[in-house]
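structure07.cif, holding mmCIF, C-alpha atoms:
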```cif
data_target
#
loop_
_atom_site.group_PDB
_atom_site.id
_atom_site.type_symbol
_atom_site.label_atom_id
_atom_site.label_comp_id
_atom_site.auth_asym_id
_atom_site.auth_seq_id
_atom_site.Cartn_x
_atom_site.Cartn_y
_atom_site.Cartn_z
ATOM 1 C CA MET A 20 -22.089 -98.609 55.710
ATOM 2 C CA ASP A 21 -20.592 -101.712 54.092
ATOM 3 C CA PHE A 22 -21.391 -102.654 50.513
ATOM 4 C CA GLN A 23 -19.825 -103.645 47.219
ATOM 5 C CA ILE A 24 -20.689 -102.736 43.619
ATOM 6 C CA ARG A 25 -19.618 -105.166 40.923
ATOM 7 C CA LYS A 26 -18.727 -104.300 37.334
ATOM 8 C CA GLY A 27 -21.852 -104.039 35.192
ATOM 9 C CA GLU A 28 -24.173 -104.263 38.214
ATOM 10 C CA VAL A 29 -26.876 -101.854 39.345
ATOM 11 C CA LEU A 30 -26.995 -101.606 43.140
ATOM 12 C CA GLY A 31 -30.022 -99.821 44.583
ATOM 13 C CA LEU A 32 -29.661 -97.788 47.777
ATOM 14 C CA VAL A 33 -33.090 -97.114 49.256
ATOM 15 C CA GLY A 34 -34.550 -95.519 52.374
ATOM 16 C CA GLU A 35 -36.586 -92.582 53.638
ATOM 17 C CA SER A 36 -35.451 -88.989 53.234
ATOM 18 C CA GLY A 37 -32.905 -88.171 55.906
ATOM 19 C CA CYS A 38 -31.460 -91.665 56.301
ATOM 20 C CA GLY A 39 -28.086 -90.733 54.763
ATOM 21 C CA LYS A 40 -28.268 -91.854 51.117
ATOM 22 C CA SER A 41 -26.988 -88.633 49.570
ATOM 23 C CA VAL A 42 -24.310 -88.212 52.248
ATOM 24 C CA THR A 43 -23.068 -91.691 51.344
ATOM 25 C CA SER A 44 -22.753 -90.750 47.670
ATOM 26 C CA LEU A 45 -21.028 -87.443 48.449
ATOM 27 C CA SER A 46 -18.610 -89.292 50.740
ATOM 28 C CA ILE A 47 -17.673 -91.716 47.950
ATOM 29 C CA MET A 48 -17.083 -88.755 45.613
ATOM 30 C CA ARG A 49 -15.277 -86.805 48.380
ATOM 31 C CA LEU A 50 -17.571 -83.822 47.904
ATOM 32 C CA LEU A 51 -18.247 -83.046 51.576
ATOM 33 C CA LYS A 52 -15.911 -80.048 51.649
ATOM 34 C CA ASP A 53 -18.655 -77.401 51.613
ATOM 35 C CA THR A 54 -20.935 -79.282 54.023
ATOM 36 C CA PRO A 55 -20.839 -79.807 57.814
ATOM 37 C CA GLY A 56 -19.838 -83.453 57.216
ATOM 38 C CA LYS A 57 -16.396 -85.035 56.973
ATOM 39 C CA ILE A 58 -14.921 -88.512 56.561
ATOM 40 C CA VAL A 59 -13.465 -89.697 59.868
ATOM 41 C CA GLY A 60 -12.885 -93.401 59.177
ATOM 42 C CA GLY A 61 -13.417 -96.375 56.905
ATOM 43 C CA SER A 62 -12.356 -96.799 53.285
ATOM 44 C CA VAL A 63 -13.676 -96.505 49.729
ATOM 45 C CA ALA A 64 -11.812 -99.014 47.540
ATOM 46 C CA PHE A 65 -11.889 -98.266 43.816
ATOM 47 C CA GLU A 66 -9.626 -100.233 41.461
ATOM 48 C CA GLY A 67 -7.053 -100.873 44.171
ATOM 49 C CA LYS A 68 -7.029 -97.300 45.511
ATOM 50 C CA ASP A 69 -8.542 -96.078 48.773
ATOM 51 C CA LEU A 70 -10.304 -92.871 47.712
ATOM 52 C CA THR A 71 -10.268 -91.555 51.281
ATOM 53 C CA LYS A 72 -6.457 -91.583 51.372
ATOM 54 C CA ILE A 73 -5.368 -90.187 47.991
ATOM 55 C CA GLU A 74 -4.530 -86.530 47.367
ATOM 56 C CA GLU A 75 -7.202 -84.171 46.029
ATOM 57 C CA LYS A 76 -5.244 -83.810 42.770
ATOM 58 C CA GLN A 77 -5.506 -87.585 42.193
ATOM 59 C CA MET A 78 -9.184 -87.525 43.150
ATOM 60 C CA ARG A 79 -9.879 -84.836 40.558
ATOM 61 C CA GLN A 80 -8.377 -87.115 37.896
ATOM 62 C CA ILE A 81 -10.769 -89.918 38.903
ATOM 63 C CA ARG A 82 -13.870 -87.803 39.615
ATOM 64 C CA GLY A 83 -15.762 -87.125 36.403
ATOM 65 C CA LYS A 84 -13.807 -89.700 34.407
ATOM 66 C CA ASP A 85 -13.788 -93.143 36.048
ATOM 67 C CA LEU A 86 -16.268 -92.159 38.761
ATOM 68 C CA ALA A 87 -19.182 -89.913 37.774
ATOM 69 C CA MET A 88 -22.343 -88.685 39.466
ATOM 70 C CA ILE A 89 -25.799 -87.448 38.530
ATOM 71 C CA PHE A 90 -26.791 -85.133 41.374
ATOM 72 C CA GLN A 91 -30.078 -85.116 43.253
ATOM 73 C CA GLU A 92 -31.275 -81.776 41.845
ATOM 74 C CA PRO A 93 -30.247 -81.646 38.177
ATOM 75 C CA MET A 94 -32.554 -78.665 37.618
ATOM 76 C CA THR A 95 -30.193 -76.504 39.680
ATOM 77 C CA SER A 96 -26.898 -78.379 39.158
ATOM 78 C CA LEU A 97 -26.102 -76.686 35.855
ATOM 79 C CA ASN A 98 -24.374 -73.301 35.900
ATOM 80 C CA PRO A 99 -27.053 -70.799 34.754
ATOM 81 C CA VAL A 100 -24.570 -68.353 33.173
ATOM 82 C CA LEU A 101 -22.617 -70.856 31.040
ATOM 83 C CA ARG A 102 -23.787 -72.423 27.802
ATOM 84 C CA ILE A 103 -24.508 -76.167 27.777
ATOM 85 C CA GLY A 104 -21.593 -76.897 25.452
ATOM 86 C CA ARG A 105 -19.101 -75.074 27.670
ATOM 87 C CA GLN A 106 -20.163 -77.111 30.700
ATOM 88 C CA LEU A 107 -19.883 -80.399 28.822
ATOM 89 C CA GLU A 108 -16.599 -79.564 27.125
ATOM 90 C CA GLU A 109 -14.828 -78.695 30.387
ATOM 91 C CA ALA A 110 -14.779 -82.316 31.631
ATOM 92 C CA ILE A 111 -14.141 -83.707 28.143
ATOM 93 C CA THR A 112 -11.111 -81.461 27.643
ATOM 94 C CA LEU A 113 -9.751 -82.192 31.116
ATOM 95 C CA HIS A 114 -10.131 -85.988 31.131
ATOM 96 C CA LEU A 115 -9.986 -87.017 27.459
ATOM 97 C CA LYS A 116 -7.367 -84.396 26.473
ATOM 98 C CA TYR A 117 -9.328 -83.359 23.375
ATOM 99 C CA GLY A 118 -8.765 -80.107 21.536
ATOM 100 C CA LYS A 119 -11.510 -77.470 21.356
ATOM 101 C CA LYS A 120 -13.019 -78.678 18.059
ATOM 102 C CA LYS A 121 -12.977 -82.380 18.974
ATOM 103 C CA ALA A 122 -14.322 -81.638 22.474
ATOM 104 C CA LYS A 123 -17.315 -79.804 20.967
ATOM 105 C CA GLU A 124 -17.981 -82.696 18.554
ATOM 106 C CA HIS A 125 -17.853 -85.133 21.476
ATOM 107 C CA ALA A 126 -20.228 -82.928 23.485
ATOM 108 C CA VAL A 127 -22.720 -82.893 20.617
ATOM 109 C CA GLN A 128 -22.440 -86.673 20.240
ATOM 110 C CA SER A 129 -22.971 -87.114 24.014
ATOM 111 C CA LEU A 130 -26.190 -85.096 23.787
ATOM 112 C CA ARG A 131 -27.357 -87.178 20.830
ATOM 113 C CA LEU A 132 -26.724 -90.390 22.806
ATOM 114 C CA VAL A 133 -29.152 -89.252 25.512
ATOM 115 C CA GLY A 134 -31.836 -88.497 22.946
ATOM 116 C CA ILE A 135 -31.623 -84.709 22.769
ATOM 117 C CA PRO A 136 -32.860 -83.398 19.375
ATOM 118 C CA ARG A 137 -30.981 -80.546 17.663
ATOM 119 C CA ALA A 138 -27.900 -81.356 19.754
ATOM 120 C CA GLU A 139 -25.674 -79.110 17.641
ATOM 121 C CA GLU A 140 -27.959 -76.184 18.578
ATOM 122 C CA VAL A 141 -28.540 -77.132 22.222
ATOM 123 C CA VAL A 142 -24.799 -76.855 22.968
ATOM 124 C CA ASN A 143 -25.193 -73.105 22.393
ATOM 125 C CA ASP A 144 -28.230 -72.782 24.703
ATOM 126 C CA TYR A 145 -28.304 -71.742 28.355
ATOM 127 C CA PRO A 146 -29.929 -74.047 30.961
ATOM 128 C CA HIS A 147 -33.014 -71.824 31.360
ATOM 129 C CA GLN A 148 -33.820 -72.372 27.691
ATOM 130 C CA LEU A 149 -34.320 -76.130 28.265
ATOM 131 C CA SER A 150 -37.161 -78.032 29.895
ATOM 132 C CA GLY A 151 -36.669 -80.055 33.086
ATOM 133 C CA GLY A 152 -36.442 -83.316 31.165
ATOM 134 C CA MET A 153 -33.890 -81.854 28.762
ATOM 135 C CA ARG A 154 -31.737 -80.551 31.610
ATOM 136 C CA GLN A 155 -31.906 -83.998 33.199
ATOM 137 C CA ARG A 156 -30.638 -85.503 29.954
ATOM 138 C CA VAL A 157 -27.821 -82.937 29.831
ATOM 139 C CA MET A 158 -26.759 -84.008 33.334
ATOM 140 C CA ILE A 159 -26.728 -87.656 32.246
ATOM 141 C CA ALA A 160 -24.763 -86.742 29.097
ATOM 142 C CA MET A 161 -22.248 -84.864 31.259
ATOM 143 C CA ALA A 162 -21.854 -87.822 33.623
ATOM 144 C CA MET A 163 -21.513 -90.318 30.749
ATOM 145 C CA SER A 164 -19.344 -88.208 28.429
ATOM 146 C CA CYS A 165 -16.034 -89.629 29.686
ATOM 147 C CA HIS A 166 -17.291 -93.248 29.830
ATOM 148 C CA PRO A 167 -17.143 -93.785 33.627
ATOM 149 C CA LYS A 168 -16.602 -97.210 35.159
ATOM 150 C CA LEU A 169 -18.995 -96.395 38.005
ATOM 151 C CA LEU A 170 -21.964 -94.026 37.858
ATOM 152 C CA ILE A 171 -23.679 -92.741 40.996
ATOM 153 C CA ALA A 172 -27.238 -91.637 40.215
ATOM 154 C CA ASP A 173 -28.801 -89.755 43.144
ATOM 155 C CA GLU A 174 -32.585 -89.603 42.640
ATOM 156 C CA PRO A 175 -32.164 -89.227 38.851
ATOM 157 C CA THR A 176 -35.909 -89.069 38.144
ATOM 158 C CA THR A 177 -37.021 -86.769 40.973
ATOM 159 C CA ALA A 178 -39.513 -84.057 39.909
ATOM 160 C CA LEU A 179 -39.923 -85.487 36.409
ATOM 161 C CA ASP A 180 -43.278 -86.589 35.016
ATOM 162 C CA VAL A 181 -43.799 -90.328 34.554
ATOM 163 C CA THR A 182 -43.304 -90.261 30.767
ATOM 164 C CA ILE A 183 -39.910 -88.552 31.061
ATOM 165 C CA GLN A 184 -39.029 -90.838 33.996
ATOM 166 C CA ALA A 185 -39.572 -93.904 31.831
ATOM 167 C CA GLN A 186 -37.444 -92.426 29.026
ATOM 168 C CA ILE A 187 -34.609 -91.557 31.425
ATOM 169 C CA LEU A 188 -34.605 -95.049 32.991
ATOM 170 C CA ASP A 189 -34.600 -96.724 29.565
ATOM 171 C CA LEU A 190 -31.727 -94.484 28.544
ATOM 172 C CA MET A 191 -29.680 -95.335 31.660
ATOM 173 C CA LYS A 192 -30.241 -99.072 31.127
ATOM 174 C CA LYS A 193 -29.158 -98.768 27.499
ATOM 175 C CA LEU A 194 -25.994 -96.822 28.318
ATOM 176 C CA LYS A 195 -25.111 -99.197 31.164
ATOM 177 C CA SER A 196 -25.504 -102.191 28.860
ATOM 178 C CA GLU A 197 -23.468 -100.629 26.043
ATOM 179 C CA GLN A 198 -20.618 -99.399 28.246
ATOM 180 C CA GLY A 199 -20.592 -102.174 30.900
ATOM 181 C CA MET A 200 -20.389 -99.743 33.796
ATOM 182 C CA GLY A 201 -21.485 -100.330 37.372
ATOM 183 C CA MET A 202 -24.160 -98.085 38.869
ATOM 184 C CA LEU A 203 -25.199 -97.008 42.354
ATOM 185 C CA LEU A 204 -28.840 -95.949 42.050
ATOM 186 C CA ILE A 205 -30.056 -93.923 45.027
ATOM 187 C CA THR A 206 -33.826 -93.613 45.301
ATOM 188 C CA HIS A 207 -36.859 -94.003 47.532
ATOM 189 C CA ASP A 208 -39.000 -95.123 44.590
ATOM 190 C CA LEU A 209 -39.381 -98.895 44.893
ATOM 191 C CA GLY A 210 -40.879 -99.087 41.403
ATOM 192 C CA VAL A 211 -37.613 -97.738 39.985
ATOM 193 C CA VAL A 212 -35.687 -100.258 42.117
ATOM 194 C CA ALA A 213 -37.746 -103.182 40.793
ATOM 195 C CA GLU A 214 -37.166 -102.094 37.193
ATOM 196 C CA MET A 215 -33.483 -101.126 37.339
ATOM 197 C CA CYS A 216 -31.585 -102.938 40.087
ATOM 198 C CA ASP A 217 -29.800 -106.282 40.465
ATOM 199 C CA ARG A 218 -29.209 -105.988 44.219
ATOM 200 C CA VAL A 219 -30.630 -103.668 46.873
ATOM 201 C CA VAL A 220 -29.212 -102.153 50.057
ATOM 202 C CA VAL A 221 -31.858 -100.797 52.443
ATOM 203 C CA MET A 222 -30.623 -97.940 54.637
ATOM 204 C CA TYR A 223 -32.040 -96.561 57.864
ATOM 205 C CA ALA A 224 -30.548 -93.898 60.161
ATOM 206 C CA GLY A 225 -27.114 -94.112 58.565
ATOM 207 C CA ARG A 226 -26.968 -97.920 58.661
ATOM 208 C CA VAL A 227 -27.525 -100.803 56.269
ATOM 209 C CA VAL A 228 -30.455 -102.794 57.685
ATOM 210 C CA GLU A 229 -30.925 -105.289 54.849
ATOM 211 C CA GLU A 230 -29.106 -106.387 51.697
ATOM 212 C CA ALA A 231 -30.521 -108.809 49.125
ATOM 213 C CA SER A 232 -31.045 -109.422 45.432
ATOM 214 C CA VAL A 233 -33.970 -107.455 44.024
ATOM 215 C CA GLU A 234 -36.012 -110.657 43.601
ATOM 216 C CA GLU A 235 -35.417 -111.759 47.217
ATOM 217 C CA LEU A 236 -36.203 -108.329 48.585
ATOM 218 C CA PHE A 237 -39.615 -108.040 46.938
ATOM 219 C CA ASP A 238 -40.558 -111.733 47.303
ATOM 220 C CA ASP A 239 -39.508 -112.077 50.936
ATOM 221 C CA PRO A 240 -38.577 -108.830 52.742
ATOM 222 C CA GLN A 241 -37.179 -109.759 56.159
ATOM 223 C CA HIS A 242 -36.391 -106.562 58.054
ATOM 224 C CA PRO A 243 -39.496 -104.850 59.535
ATOM 225 C CA TYR A 244 -38.398 -101.551 58.002
ATOM 226 C CA THR A 245 -38.154 -103.097 54.518
ATOM 227 C CA LYS A 246 -41.585 -104.664 54.980
ATOM 228 C CA GLY A 247 -42.987 -101.271 55.959
ATOM 229 C CA LEU A 248 -41.513 -99.591 52.876
ATOM 230 C CA ILE A 249 -42.970 -102.203 50.518
ATOM 231 C CA GLN A 250 -46.379 -102.217 52.224
ATOM 232 C CA SER A 251 -46.578 -98.424 51.912
ATOM 233 C CA VAL A 252 -46.531 -98.605 48.091
ATOM 234 C CA PRO A 253 -50.134 -98.162 46.814
ATOM 235 C CA LYS A 254 -51.578 -101.043 44.768
ATOM 236 C CA LEU A 255 -53.434 -99.903 41.637
ATOM 237 C CA ARG A 256 -56.212 -102.502 41.815
ATOM 238 C CA GLN A 257 -56.529 -102.610 45.597
ATOM 239 C CA LYS A 258 -59.251 -100.529 47.242
ATOM 240 C CA VAL A 259 -58.352 -99.397 50.759
ATOM 241 C CA ARG A 260 -59.700 -96.676 53.043
ATOM 242 C CA ARG A 261 -56.269 -95.706 54.312
ATOM 243 C CA LEU A 262 -52.793 -96.210 52.843
ATOM 244 C CA ALA A 263 -50.272 -98.150 54.927
ATOM 245 C CA SER A 264 -47.451 -96.131 56.496
ATOM 246 C CA ILE A 265 -44.598 -96.523 58.978
ATOM 247 C CA PRO A 266 -45.460 -94.659 62.204
ATOM 248 C CA GLY A 267 -43.038 -92.106 63.604
ATOM 249 C CA ASN A 268 -40.019 -90.455 61.983
ATOM 250 C CA VAL A 269 -36.373 -91.155 61.204
ATOM 251 C CA PRO A 270 -34.452 -90.414 64.453
ATOM 252 C CA ASP A 271 -32.358 -87.284 64.906
ATOM 253 C CA LEU A 272 -28.804 -88.481 64.222
ATOM 254 C CA SER A 273 -27.543 -86.395 67.163
ATOM 255 C CA ARG A 274 -29.959 -88.178 69.544
ATOM 256 C CA MET A 275 -30.055 -91.762 68.372
ATOM 257 C CA PRO A 276 -32.086 -94.281 70.418
ATOM 258 C CA GLN A 277 -30.285 -96.998 72.330
ATOM 259 C CA GLY A 278 -30.292 -100.461 70.772
ATOM 260 C CA CYS A 279 -31.828 -100.991 67.334
ATOM 261 C CA LYS A 280 -32.379 -97.605 65.711
ATOM 262 C CA PHE A 281 -35.683 -98.754 64.217
ATOM 263 C CA ALA A 282 -37.004 -100.057 67.573
ATOM 264 C CA PRO A 283 -39.182 -96.975 68.388
ATOM 265 C CA ARG A 284 -41.122 -97.525 65.130
ATOM 266 C CA CYS A 285 -41.017 -101.331 64.889
ATOM 267 C CA PRO A 286 -44.233 -103.369 65.378
ATOM 268 C CA HIS A 287 -42.177 -106.423 66.482
ATOM 269 C CA VAL A 288 -39.910 -104.729 69.032
ATOM 270 C CA THR A 289 -38.687 -106.760 72.030
ATOM 271 C CA ASP A 290 -36.559 -105.939 75.089
ATOM 272 C CA ILE A 291 -33.270 -106.903 73.424
ATOM 273 C CA CYS A 292 -34.093 -104.575 70.507
ATOM 274 C CA ARG A 293 -34.306 -101.620 72.892
ATOM 275 C CA GLU A 294 -31.111 -102.564 74.723
ATOM 276 C CA GLN A 295 -28.648 -103.801 72.100
ATOM 277 C CA GLU A 296 -28.173 -102.966 68.424
ATOM 278 C CA PRO A 297 -27.926 -106.057 66.163
ATOM 279 C CA GLU A 298 -25.045 -106.465 63.729
ATOM 280 C CA LEU A 299 -25.461 -106.749 59.978
ATOM 281 C CA LEU A 300 -25.058 -110.512 59.526
ATOM 282 C CA PRO A 301 -25.629 -113.086 56.752
ATOM 283 C CA VAL A 302 -28.966 -114.889 57.004
ATOM 284 C CA ASP A 303 -28.366 -117.438 54.231
ATOM 285 C CA GLN A 304 -25.737 -120.140 53.709
ATOM 286 C CA MET A 305 -23.994 -118.306 50.854
ATOM 287 C CA GLY A 306 -23.682 -115.108 52.885
ATOM 288 C CA HIS A 307 -25.154 -112.994 50.069
ATOM 289 C CA ARG A 308 -28.245 -111.901 51.978
ATOM 290 C CA LYS A 309 -27.749 -109.831 55.111
ATOM 291 C CA ASN A 310 -30.010 -108.423 57.791
ATOM 292 C CA ARG A 311 -29.656 -106.209 60.851
ATOM 293 C CA CYS A 312 -32.536 -107.561 62.935
ATOM 294 C CA TRP A 313 -32.711 -109.770 66.034
ATOM 295 C CA LEU A 314 -35.868 -111.433 64.716
ATOM 296 C CA ALA A 315 -34.405 -112.441 61.334
ATOM 297 C CA GLN A 316 -31.107 -113.562 62.856
ATOM 298 C CA GLY A 317 -32.904 -115.600 65.481
ATOM 299 C CA GLU A 318 -34.927 -117.393 62.819
ATOM 300 C CA ALA A 319 -32.041 -118.005 60.432
ATOM 301 C CA GLY A 320 -29.433 -118.776 63.087
ATOM 302 C CA LYS A 321 -26.205 -116.859 63.511
ATOM 303 C CA GLY A 322 -23.065 -117.787 61.620
ATOM 304 C CA GLY A 323 -21.037 -117.086 58.552
ATOM 305 C CA GLY A 324 -18.248 -114.624 58.114
ATOM 306 C CA ALA A 325 -18.449 -111.113 56.756
ATOM 307 C CA ASP A 326 -17.394 -110.430 53.168
ATOM 308 C CA GLU A 327 -14.933 -107.734 52.204
ATOM 309 C CA TYR A 328 -16.640 -104.636 50.886
ATOM 310 C CA SER A 329 -15.672 -101.781 48.654
ATOM 311 C CA VAL A 330 -17.261 -99.110 50.835
ATOM 312 C CA GLY A 331 -16.952 -99.278 54.604
#
```
Please go through the file and, once you have read it, give me the structure as structure tokens.
Amino acid sequence: MDFQIRKGEVLGLVGESGCGKSVTSLSIMRLLKDTPGKIVGGSVAFEGKDLTKIEEKQMRQIRGKDLAMIFQEPMTSLNPVLRIGRQLEEAITLHLKYGKKKAKEHAVQSLRLVGIPRAEEVVNDYPHQLSGGMRQRVMIAMAMSCHPKLLIADEPTTALDVTIQAQILDLMKKLKSEQGMGMLLITHDLGVVAEMCDRVVVMYAGRVVEEASVEELFDDPQHPYTKGLIQSVPKLRQKVRRLASIPGNVPDLSRMPQGCKFAPRCPHVTDICREQEPELLPVDQMGHRKNRCWLAQGEAGKGGGADEYSVG
């Protein structure tokens, strides 16, 4: 994985379930301790620091303050036996050094910012007393309460109805604009990507297969996997007997195919695809658009150097 997130930018990370999106976010946050995974190489550069090399004590000072995360399952991410206010105030007290009274006031204000009514009463509620949409807003308030410079949002609208989804996305755009933070938005919903993102990284089997601006990606997808994802989105006014889909499944990461990892599912596969994995290379003169495909690289011509990335 090699990518960069700029200040004030929303970078979308998309791909099927099982391709490694959430593992990537947990690696950036260094939250793999209670999982079978571990970081064995590479770097995560954040404001001049390599997050993979610093001590856990330093990481705790950054995590939750400068670098925050909305987890994939907000319904179960809140502690069921602690009141909402207590869970919000913990991070506020730790990172902003507020006293008890000021921390509670800040918690209430954070809940108001995410559109929660009766915020001064909700701080005294337990998670089970709130609806799914309200708990989602609490998670966003918790992530935003210390004004992070980078927010990682892992499937922030999963399991929410479309009305609440729209409200949550509008809220995230508003907060991003007001606070000027960068955002890594992890999703498999291409509609959310089109609405929220500036650039998109497409991931498959633990690898970046395409990187482009959101306009380029939807106007001219180049990697066969990206094309398959976009074609699989139903069109409201299009009548079809059968929805488009990508045949096969994401490969088992312990038994990866030789060559291009998408080759067993690709409609354009050739001999070189089965034998040798392509590199992620620029396919435009500026080097901003990248592709990991023999077909795209053959058409665009090889060349251009690799940029330096924040995550690698």
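Across the structure, atom CA of A:Tyr223 and atom CA of A:Asp238 are spaced 20.4 Å apart.
Taking atom CA of A:Arg137 and atom CA of A:Leu107 as endpoints, the distance between them is 15.7 Å.
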Q) Leaving out A:Glu28 and any residue of its chain fewer than 4 positions from it, which residues lie within 12 Å of it when counting all atoms listed in the file, given as a PyMOL selection string? A) chain A and resi 23-24+168-171+192+195-196+198-204+215-219+232-233
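Residue membership of the PyMOL selection byres ((chain A and resi 277-280) around 6) in the shown file amounts to Pro276, Phe281, Ala282, Cys292, Arg293, Glu294, Gln295 and Glu296 of chain A.
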(request) Choose the residue, out of A:Glu214, A:Glu75, A:Glu92, A:Glu139, that has the smallest atom-to-atom separation from A:Gly104; count all atoms listed in the file. (result)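 So, comparing all the options, the nearest one is A:Glu139.
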- Spell out the residues picked by the PyMOL selection byres ((chain A and resi 172) around 9) here, as a ChimeraX atom specification. /A:44,87-91,159,170-171,173-175,202-206
Would you kindly identify which residues have an atom no farther than 12 Å from (-14.2, -88.8, 39.9), using only C-alpha atoms and the file's own coordinates, and write them out as a PDB file with C-alpha atoms, in the coordinates of the input?
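Dumped to part33.pdb:
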```pdb
ATOM      1  CA  SER A  44     -22.753 -90.750  47.670  1.00  0.00           C
ATOM      2  CA  LEU A  45     -21.028 -87.443  48.449  1.00  0.00           C
ATOM      3  CA  SER A  46     -18.610 -89.292  50.740  1.00  0.00           C
ATOM      4  CA  ILE A  47     -17.673 -91.716  47.950  1.00  0.00           C
ATOM      5  CA  MET A  48     -17.083 -88.755  45.613  1.00  0.00           C
ATOM      6  CA  ARG A  49     -15.277 -86.805  48.380  1.00  0.00           C
ATOM      7  CA  LEU A  50     -17.571 -83.822  47.904  1.00  0.00           C
ATOM      8  CA  PHE A  65     -11.889 -98.266  43.816  1.00  0.00           C
ATOM      9  CA  LEU A  70     -10.304 -92.871  47.712  1.00  0.00           C
ATOM     10  CA  GLU A  75      -7.202 -84.171  46.029  1.00  0.00           C
ATOM     11  CA  LYS A  76      -5.244 -83.810  42.770  1.00  0.00           C
ATOM     12  CA  GLN A  77      -5.506 -87.585  42.193  1.00  0.00           C
ATOM     13  CA  MET A  78      -9.184 -87.525  43.150  1.00  0.00           C
ATOM     14  CA  ARG A  79      -9.879 -84.836  40.558  1.00  0.00           C
ATOM     15  CA  GLN A  80      -8.377 -87.115  37.896  1.00  0.00           C
ATOM     16  CA  ILE A  81     -10.769 -89.918  38.903  1.00  0.00           C
ATOM     17  CA  ARG A  82     -13.870 -87.803  39.615  1.00  0.00           C
ATOM     18  CA  GLY A  83     -15.762 -87.125  36.403  1.00  0.00           C
ATOM     19  CA  LYS A  84     -13.807 -89.700  34.407  1.00  0.00           C
ATOM     20  CA  ASP A  85     -13.788 -93.143  36.048  1.00  0.00           C
ATOM     21  CA  LEU A  86     -16.268 -92.159  38.761  1.00  0.00           C
ATOM     22  CA  ALA A  87     -19.182 -89.913  37.774  1.00  0.00           C
ATOM     23  CA  MET A  88     -22.343 -88.685  39.466  1.00  0.00           C
ATOM     24  CA  ILE A  89     -25.799 -87.448  38.530  1.00  0.00           C
ATOM     25  CA  ALA A 110     -14.779 -82.316  31.631  1.00  0.00           C
ATOM     26  CA  LEU A 113      -9.751 -82.192  31.116  1.00  0.00           C
ATOM     27  CA  HIS A 114     -10.131 -85.988  31.131  1.00  0.00           C
ATOM     28  CA  ALA A 162     -21.854 -87.822  33.623  1.00  0.00           C
ATOM     29  CA  MET A 163     -21.513 -90.318  30.749  1.00  0.00           C
ATOM     30  CA  CYS A 165     -16.034 -89.629  29.686  1.00  0.00           C
ATOM     31  CA  HIS A 166     -17.291 -93.248  29.830  1.00  0.00           C
ATOM     32  CA  PRO A 167     -17.143 -93.785  33.627  1.00  0.00           C
ATOM     33  CA  LYS A 168     -16.602 -97.210  35.159  1.00  0.00           C
ATOM     34  CA  LEU A 169     -18.995 -96.395  38.005  1.00  0.00           C
ATOM     35  CA  LEU A 170     -21.964 -94.026  37.858  1.00  0.00           C
ATOM     36  CA  ILE A 171     -23.679 -92.741  40.996  1.00  0.00           C
TER      37      ILE A 171
END
```
Rounded to one decimal in Å, what is the spacing between atom CA of A:Gly39 and atom CA of A:Pro301?
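Interatomic distance here is 22.6 Å.
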Take the PyMOL selection byres ((chain A and resi 58) around 9), apply it to the structure above, and return the hits as a PDB file with C-alpha atoms, keeping the file's coordinate frame.
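The resulting file, selection03.pdb, is reproduced below:
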```pdb
ATOM      1  CA  SER A  46     -18.610 -89.292  50.740  1.00  0.00           C
ATOM      2  CA  ARG A  49     -15.277 -86.805  48.380  1.00  0.00           C
ATOM      3  CA  LEU A  51     -18.247 -83.046  51.576  1.00  0.00           C
ATOM      4  CA  GLY A  56     -19.838 -83.453  57.216  1.00  0.00           C
ATOM      5  CA  LYS A  57     -16.396 -85.035  56.973  1.00  0.00           C
ATOM      6  CA  VAL A  59     -13.465 -89.697  59.868  1.00  0.00           C
ATOM      7  CA  GLY A  60     -12.885 -93.401  59.177  1.00  0.00           C
ATOM      8  CA  GLY A  61     -13.417 -96.375  56.905  1.00  0.00           C
ATOM      9  CA  THR A  71     -10.268 -91.555  51.281  1.00  0.00           C
TER      10      THR A  71
END
```
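Nearest to A:Ile291 of all the residues A:Leu97, A:Asn268, A:Trp313, A:Arg156 is A:Trp313, counting all atoms listed in the file.
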inquiry  = Applying 10 Å and only C-alpha atoms, which residues near A:Arg284 remain after dropping the ones on its own chain fewer than 2 positions away? List them as a list in words.
reply    =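 My reading of the contact set: Pro243, Tyr244, Ile265, Pro266, Gly267, Asn268, Val269, Pro270, Lys280, Phe281, Ala282, Pro286, His287 and Val288 of chain A.
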Report task. May I have the protein, DNA and RNA residues with an atom at most 9 Å from (-25.6, -69.1, 24.2), counting all atoms listed in the file in the file's coordinates, returned as a list in words? Result ->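 The residues near that point, listed by chain and number, are Leu101, Arg102, Ile103, Gly104, Val141, Val142, Asn143, Asp144 and Tyr145 of chain A.
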